[in-house]
Amino acid sequence: MEGTTAALSLGARVRPFVEVNELCAASHVTAAELHALPQRRQDGTFDVFHLIRPEGAAHLDRPHVIVHRMKLYGDEVTAIDGVPVTTPARTWLDMAELLSLDEIVAIGDACVRMPRPEFEDRDMPLCSVWDLQRMVDGHRGKRGLRKAKDALELIRVGSDSAQETMLRLAIVRAGLPEPELNVPIITEDGIRHHKPDLSYRKYRIGIEYEGEHHGEESQIAGI
């Protein structure tokens, strides 16, 4: 039975808990996973689900469910495969309760990045920096709000991965100028080449974060 449950999608596993009450929505870690946002699980358990139960709603006590009782506005809920889920912007704000500043910046970068349609099933960002700012402005006194405000100052459009975000933050904190992100190299003859993860065009410096897959033989050979 456990193997069968594990084979189900996250949406299918969390759906019964969300549908207990129409006011519930998958949130925090669960919402971040459904939106494919970069984050690490805080509970360390496969079948633990996070839900927001709006203030004033009936109590919900179910095994494998972490219930967060807090304000939840109608425009902060979307649907993924028919399951109510907090929007990317609201999820980002909620995750500020759980993660470090740099991790919240990485989630914010992932929210506002322009996707690559050739590799993804969308051509628009999950949300804008303005959407993130609106979340901060609309939830005064919320846990993690100070961290979210600090993260807003560091979020940039252009980062393609959490590792690129971490590298950018480390470079800037080391005292170097802020690099450009994924800007294509265009030679004098107008030919457009690849886009370094980070770059300083003025100094003709490109910086790449080489993940584990870059150690594969085909990557090393430049294929």
# chains A, B, ... in the order shown; residues from 1 in each chain; ligands from 1
call {"tool": "residues_around", "arguments": {"residues": "Val83 (chain A)", "least_positions_apart": "6", "cutoff": "10 Å", "atoms": "only C-alpha atoms", "output": "JSON, numbers by chain"}}
result
{"A": [11, 12, 14, 15, 16, 18, 19, 24, 25, 26, 34, 77]}
call {"tool": "closest_atom_pairs", "arguments": {"of": "region 125-222 of chain A", "to": "region 59-75 of chain A", "cutoff": "10 Å", "atoms": "only C-alpha atoms", "output": "tab-separated table"}}
result
residue	atom	partner	partner_atom	distance
A:Gly138	CA	A:Tyr73	CA	9.7
A:His139	CA	A:Lys71	CA	8.3
A:Lys142	CA	A:Met70	CA	8.8
call {"tool": "write_last_selection", "arguments": {"atoms": "N, CA, C and O atoms", "output": "PDB file, in the first residue's frame"}}
result
ATOM      1  N   GLY A 138       0.426  43.285   2.114  1.00  0.00           N
ATOM      2  CA  GLY A 138      -0.905  42.855   2.538  1.00  0.00           C
ATOM      3  C   GLY A 138      -0.938  41.978   3.768  1.00  0.00           C
ATOM      4  O   GLY A 138      -2.019  41.539   4.187  1.00  0.00           O
ATOM      5  N   HIS A 139       0.229  41.696   4.373  1.00  0.00           N
ATOM      6  CA  HIS A 139       0.245  40.776   5.518  1.00  0.00           C
ATOM      7  C   HIS A 139       1.128  41.316   6.641  1.00  0.00           C
ATOM      8  O   HIS A 139       2.085  40.664   7.063  1.00  0.00           O
ATOM      9  N   LYS A 142       2.857  39.325   9.893  1.00  0.00           N
ATOM     10  CA  LYS A 142       2.977  37.888   9.626  1.00  0.00           C
ATOM     11  C   LYS A 142       4.367  37.379   9.988  1.00  0.00           C
ATOM     12  O   LYS A 142       5.362  38.089   9.835  1.00  0.00           O
TER      13      LYS A 142
END
call {"tool": "atom_distance", "arguments": {"atom1": "CA of Arg201 (chain A)", "atom2": "CA of Met166 (chain A)"}}
result
20.4 Å
call {"tool": "residues_around", "arguments": {"residues": "Tyr209 (chain A)", "least_positions_apart": "6", "cutoff": "9 Å", "atoms": "only C-alpha atoms", "output": "PyMOL selection string"}}
result
chain A and resi 163-164+167+196-198
call {"tool": "write_last_selection", "arguments": {"atoms": "C-alpha atoms", "output": "short mmCIF file (atom, residue, chain, number, x, y, z; two decimals), in the first residue's frame"}}
result
data_model
loop_
_atom_site.label_atom_id
_atom_site.label_comp_id
_atom_site.auth_asym_id
_atom_site.auth_seq_id
_atom_site.Cartn_x
_atom_site.Cartn_y
_atom_site.Cartn_z
CA GLN A 163 22.53 27.41 -7.29
CA GLU A 164 22.95 30.43 -9.57
CA LEU A 167 26.52 31.98 -6.33
CA PRO A 196 26.71 32.49 -19.16
CA ASP A 197 24.94 32.02 -15.84
CA LEU A 198 26.56 35.23 -14.58
#
call {"tool": "residues_around", "arguments": {"residues": "Glu97 (chain A)", "least_positions_apart": "2", "cutoff": "10 Å", "atoms": "only C-alpha atoms", "output": "list in words"}}
result
His28, Trp92, Leu93, Asp94, Met95, Leu99, Ser100, Ile104, Lys142, Arg143, Gly144, Leu145, Arg146, Lys147 and Ala148 of chain A
call {"tool": "atom_distance", "arguments": {"atom1": "CA of Met124 (chain A)", "atom2": "CA of Thr30 (chain A)"}}
result
22.1 Å
call {"tool": "select_by_dssp", "arguments": {"residues": "region 2-157 of chain A", "states": "strand (DSSP E)", "output": "number ranges by chain"}}
result
A: 25-26, 49-54, 65-70, 77-80, 83-86
call {"tool": "atom_distance", "arguments": {"atom1": "CA of Asp137 (chain A)", "atom2": "CA of Phe49 (chain A)"}}
result
27.1 Å
call {"tool": "closest_residue", "arguments": {"among": "A:Glu118, A:Gly108, A:Asp47, A:Ala31", "to": "Thr91 (chain A)", "atoms": "only C-alpha atoms"}}
result
A:Ala31
call {"tool": "closest_residue", "arguments": {"among": "A:Met114, A:Leu23, A:Ala96, A:Pro84", "to": "Lys149 (chain A)", "atoms": "only C-alpha atoms"}}
result
A:Ala96
call {"tool": "closest_residue", "arguments": {"among": "A:Arg53, A:Arg173, A:Arg156, A:Lys195", "to": "Val112 (chain A)", "atoms": "only C-alpha atoms"}}
result
A:Arg156
call {"tool": "residues_around", "arguments": {"residues": "Ile155 (chain A)", "least_positions_apart": "4", "cutoff": "10 Å", "atoms": "only C-alpha atoms", "output": "JSON, numbers by chain"}}
result
{"A": [102, 104, 105, 106, 107, 108, 109, 110, 111, 112, 113, 129, 132, 150, 151, 159, 165, 169]}
call {"tool": "select_by_dssp", "arguments": {"residues": "region 91-209 of chain A", "states": "alpha helix (DSSP H)", "output": "VMD selection string"}}
result
chain A and resid 91 to 95 101 to 112 129 to 137 145 to 152 162 to 173
call {"tool": "closest_residue", "arguments": {"among": "A:Ile191, A:Leu152, A:Ile205, A:Leu98", "to": "Arg134 (chain A)", "atoms": "only C-alpha atoms"}}
result
A:Leu152
call {"tool": "decode", "arguments": {"residues": "region 122-147 of chain A", "atoms": "N, CA, C and O atoms", "output": "PDB file, in the first residue's frame"}}
result
ATOM      1  N   ARG A 122       5.457  26.652 -20.165  1.00  0.00           N
ATOM      2  CA  ARG A 122       4.932  28.000 -19.972  1.00  0.00           C
ATOM      3  C   ARG A 122       5.900  29.015 -20.570  1.00  0.00           C
ATOM      4  O   ARG A 122       7.074  28.719 -20.793  1.00  0.00           O
ATOM      5  N   ASP A 123       5.381  30.205 -20.827  1.00  0.00           N
ATOM      6  CA  ASP A 123       6.231  31.247 -21.404  1.00  0.00           C
ATOM      7  C   ASP A 123       6.170  32.548 -20.615  1.00  0.00           C
ATOM      8  O   ASP A 123       6.630  33.588 -21.081  1.00  0.00           O
ATOM      9  N   MET A 124       5.609  32.493 -19.414  1.00  0.00           N
ATOM     10  CA  MET A 124       5.516  33.663 -18.550  1.00  0.00           C
ATOM     11  C   MET A 124       6.017  33.316 -17.152  1.00  0.00           C
ATOM     12  O   MET A 124       5.927  32.163 -16.710  1.00  0.00           O
ATOM     13  N   PRO A 125       6.547  34.311 -16.425  1.00  0.00           N
ATOM     14  CA  PRO A 125       6.974  34.062 -15.036  1.00  0.00           C
ATOM     15  C   PRO A 125       5.798  33.598 -14.182  1.00  0.00           C
ATOM     16  O   PRO A 125       4.631  33.876 -14.500  1.00  0.00           O
ATOM     17  N   LEU A 126       6.096  32.920 -13.090  1.00  0.00           N
ATOM     18  CA  LEU A 126       5.046  32.514 -12.163  1.00  0.00           C
ATOM     19  C   LEU A 126       4.386  33.727 -11.519  1.00  0.00           C
ATOM     20  O   LEU A 126       3.197  33.709 -11.203  1.00  0.00           O
ATOM     21  N   CYS A 127       5.164  34.787 -11.323  1.00  0.00           N
ATOM     22  CA  CYS A 127       4.627  36.046 -10.810  1.00  0.00           C
ATOM     23  C   CYS A 127       5.687  37.119 -11.016  1.00  0.00           C
ATOM     24  O   CYS A 127       6.771  36.835 -11.534  1.00  0.00           O
ATOM     25  N   SER A 128       5.371  38.325 -10.637  1.00  0.00           N
ATOM     26  CA  SER A 128       6.300  39.446 -10.800  1.00  0.00           C
ATOM     27  C   SER A 128       6.840  39.892  -9.442  1.00  0.00           C
ATOM     28  O   SER A 128       6.313  39.506  -8.390  1.00  0.00           O
ATOM     29  N   VAL A 129       7.869  40.704  -9.466  1.00  0.00           N
ATOM     30  CA  VAL A 129       8.389  41.279  -8.226  1.00  0.00           C
ATOM     31  C   VAL A 129       7.299  42.114  -7.562  1.00  0.00           C
ATOM     32  O   VAL A 129       7.183  42.134  -6.333  1.00  0.00           O
ATOM     33  N   TRP A 130       6.480  42.768  -8.355  1.00  0.00           N
ATOM     34  CA  TRP A 130       5.365  43.557  -7.815  1.00  0.00           C
ATOM     35  C   TRP A 130       4.395  42.664  -7.049  1.00  0.00           C
ATOM     36  O   TRP A 130       3.885  43.056  -5.986  1.00  0.00           O
ATOM     37  N   ASP A 131       4.144  41.454  -7.557  1.00  0.00           N
ATOM     38  CA  ASP A 131       3.256  40.520  -6.852  1.00  0.00           C
ATOM     39  C   ASP A 131       3.835  40.151  -5.486  1.00  0.00           C
ATOM     40  O   ASP A 131       3.100  40.046  -4.493  1.00  0.00           O
ATOM     41  N   LEU A 132       5.144  39.957  -5.435  1.00  0.00           N
ATOM     42  CA  LEU A 132       5.793  39.640  -4.159  1.00  0.00           C
ATOM     43  C   LEU A 132       5.692  40.820  -3.204  1.00  0.00           C
ATOM     44  O   LEU A 132       5.422  40.644  -2.010  1.00  0.00           O
ATOM     45  N   GLN A 133       5.903  42.012  -3.719  1.00  0.00           N
ATOM     46  CA  GLN A 133       5.790  43.211  -2.895  1.00  0.00           C
ATOM     47  C   GLN A 133       4.372  43.353  -2.348  1.00  0.00           C
ATOM     48  O   GLN A 133       4.172  43.727  -1.179  1.00  0.00           O
ATOM     49  N   ARG A 134       3.392  43.058  -3.177  1.00  0.00           N
ATOM     50  CA  ARG A 134       1.989  43.163  -2.752  1.00  0.00           C
ATOM     51  C   ARG A 134       1.689  42.199  -1.615  1.00  0.00           C
ATOM     52  O   ARG A 134       0.923  42.509  -0.697  1.00  0.00           O
ATOM     53  N   MET A 135       2.292  41.008  -1.666  1.00  0.00           N
ATOM     54  CA  MET A 135       2.110  40.051  -0.577  1.00  0.00           C
ATOM     55  C   MET A 135       2.653  40.607   0.745  1.00  0.00           C
ATOM     56  O   MET A 135       2.017  40.515   1.787  1.00  0.00           O
ATOM     57  N   VAL A 136       3.846  41.186   0.667  1.00  0.00           N
ATOM     58  CA  VAL A 136       4.454  41.771   1.865  1.00  0.00           C
ATOM     59  C   VAL A 136       3.573  42.893   2.409  1.00  0.00           C
ATOM     60  O   VAL A 136       3.319  42.982   3.616  1.00  0.00           O
ATOM     61  N   ASP A 137       3.091  43.744   1.524  1.00  0.00           N
ATOM     62  CA  ASP A 137       2.268  44.883   1.948  1.00  0.00           C
ATOM     63  C   ASP A 137       0.932  44.446   2.545  1.00  0.00           C
ATOM     64  O   ASP A 137       0.363  45.151   3.384  1.00  0.00           O
ATOM     65  N   GLY A 138       0.426  43.285   2.114  1.00  0.00           N
ATOM     66  CA  GLY A 138      -0.905  42.855   2.538  1.00  0.00           C
ATOM     67  C   GLY A 138      -0.938  41.978   3.768  1.00  0.00           C
ATOM     68  O   GLY A 138      -2.019  41.539   4.187  1.00  0.00           O
ATOM     69  N   HIS A 139       0.229  41.696   4.373  1.00  0.00           N
ATOM     70  CA  HIS A 139       0.245  40.776   5.518  1.00  0.00           C
ATOM     71  C   HIS A 139       1.128  41.316   6.641  1.00  0.00           C
ATOM     72  O   HIS A 139       2.085  40.664   7.063  1.00  0.00           O
ATOM     73  N   ARG A 140       0.810  42.472   7.115  1.00  0.00           N
ATOM     74  CA  ARG A 140       1.571  43.072   8.209  1.00  0.00           C
ATOM     75  C   ARG A 140       1.489  42.211   9.462  1.00  0.00           C
ATOM     76  O   ARG A 140       0.431  41.706   9.817  1.00  0.00           O
ATOM     77  N   GLY A 141       2.620  42.039  10.104  1.00  0.00           N
ATOM     78  CA  GLY A 141       2.665  41.256  11.326  1.00  0.00           C
ATOM     79  C   GLY A 141       2.815  39.767  11.123  1.00  0.00           C
ATOM     80  O   GLY A 141       2.912  39.015  12.103  1.00  0.00           O
ATOM     81  N   LYS A 142       2.857  39.325   9.893  1.00  0.00           N
ATOM     82  CA  LYS A 142       2.977  37.888   9.626  1.00  0.00           C
ATOM     83  C   LYS A 142       4.367  37.379   9.988  1.00  0.00           C
ATOM     84  O   LYS A 142       5.362  38.089   9.835  1.00  0.00           O
ATOM     85  N   ARG A 143       4.447  36.150  10.444  1.00  0.00           N
ATOM     86  CA  ARG A 143       5.745  35.549  10.738  1.00  0.00           C
ATOM     87  C   ARG A 143       6.588  35.507   9.456  1.00  0.00           C
ATOM     88  O   ARG A 143       6.086  35.195   8.384  1.00  0.00           O
ATOM     89  N   GLY A 144       7.870  35.834   9.586  1.00  0.00           N
ATOM     90  CA  GLY A 144       8.766  35.800   8.437  1.00  0.00           C
ATOM     91  C   GLY A 144       8.722  37.044   7.573  1.00  0.00           C
ATOM     92  O   GLY A 144       9.435  37.131   6.572  1.00  0.00           O
ATOM     93  N   LEU A 145       7.894  38.019   7.952  1.00  0.00           N
ATOM     94  CA  LEU A 145       7.722  39.195   7.101  1.00  0.00           C
ATOM     95  C   LEU A 145       9.013  39.996   6.961  1.00  0.00           C
ATOM     96  O   LEU A 145       9.348  40.468   5.864  1.00  0.00           O
ATOM     97  N   ARG A 146       9.759  40.159   8.047  1.00  0.00           N
ATOM     98  CA  ARG A 146      11.022  40.899   7.981  1.00  0.00           C
ATOM     99  C   ARG A 146      11.995  40.228   7.010  1.00  0.00           C
ATOM    100  O   ARG A 146      12.661  40.895   6.219  1.00  0.00           O
ATOM    101  N   LYS A 147      12.034  38.910   7.054  1.00  0.00           N
ATOM    102  CA  LYS A 147      12.913  38.162   6.162  1.00  0.00           C
ATOM    103  C   LYS A 147      12.461  38.334   4.711  1.00  0.00           C
ATOM    104  O   LYS A 147      13.274  38.486   3.797  1.00  0.00           O
TER     105      LYS A 147
END
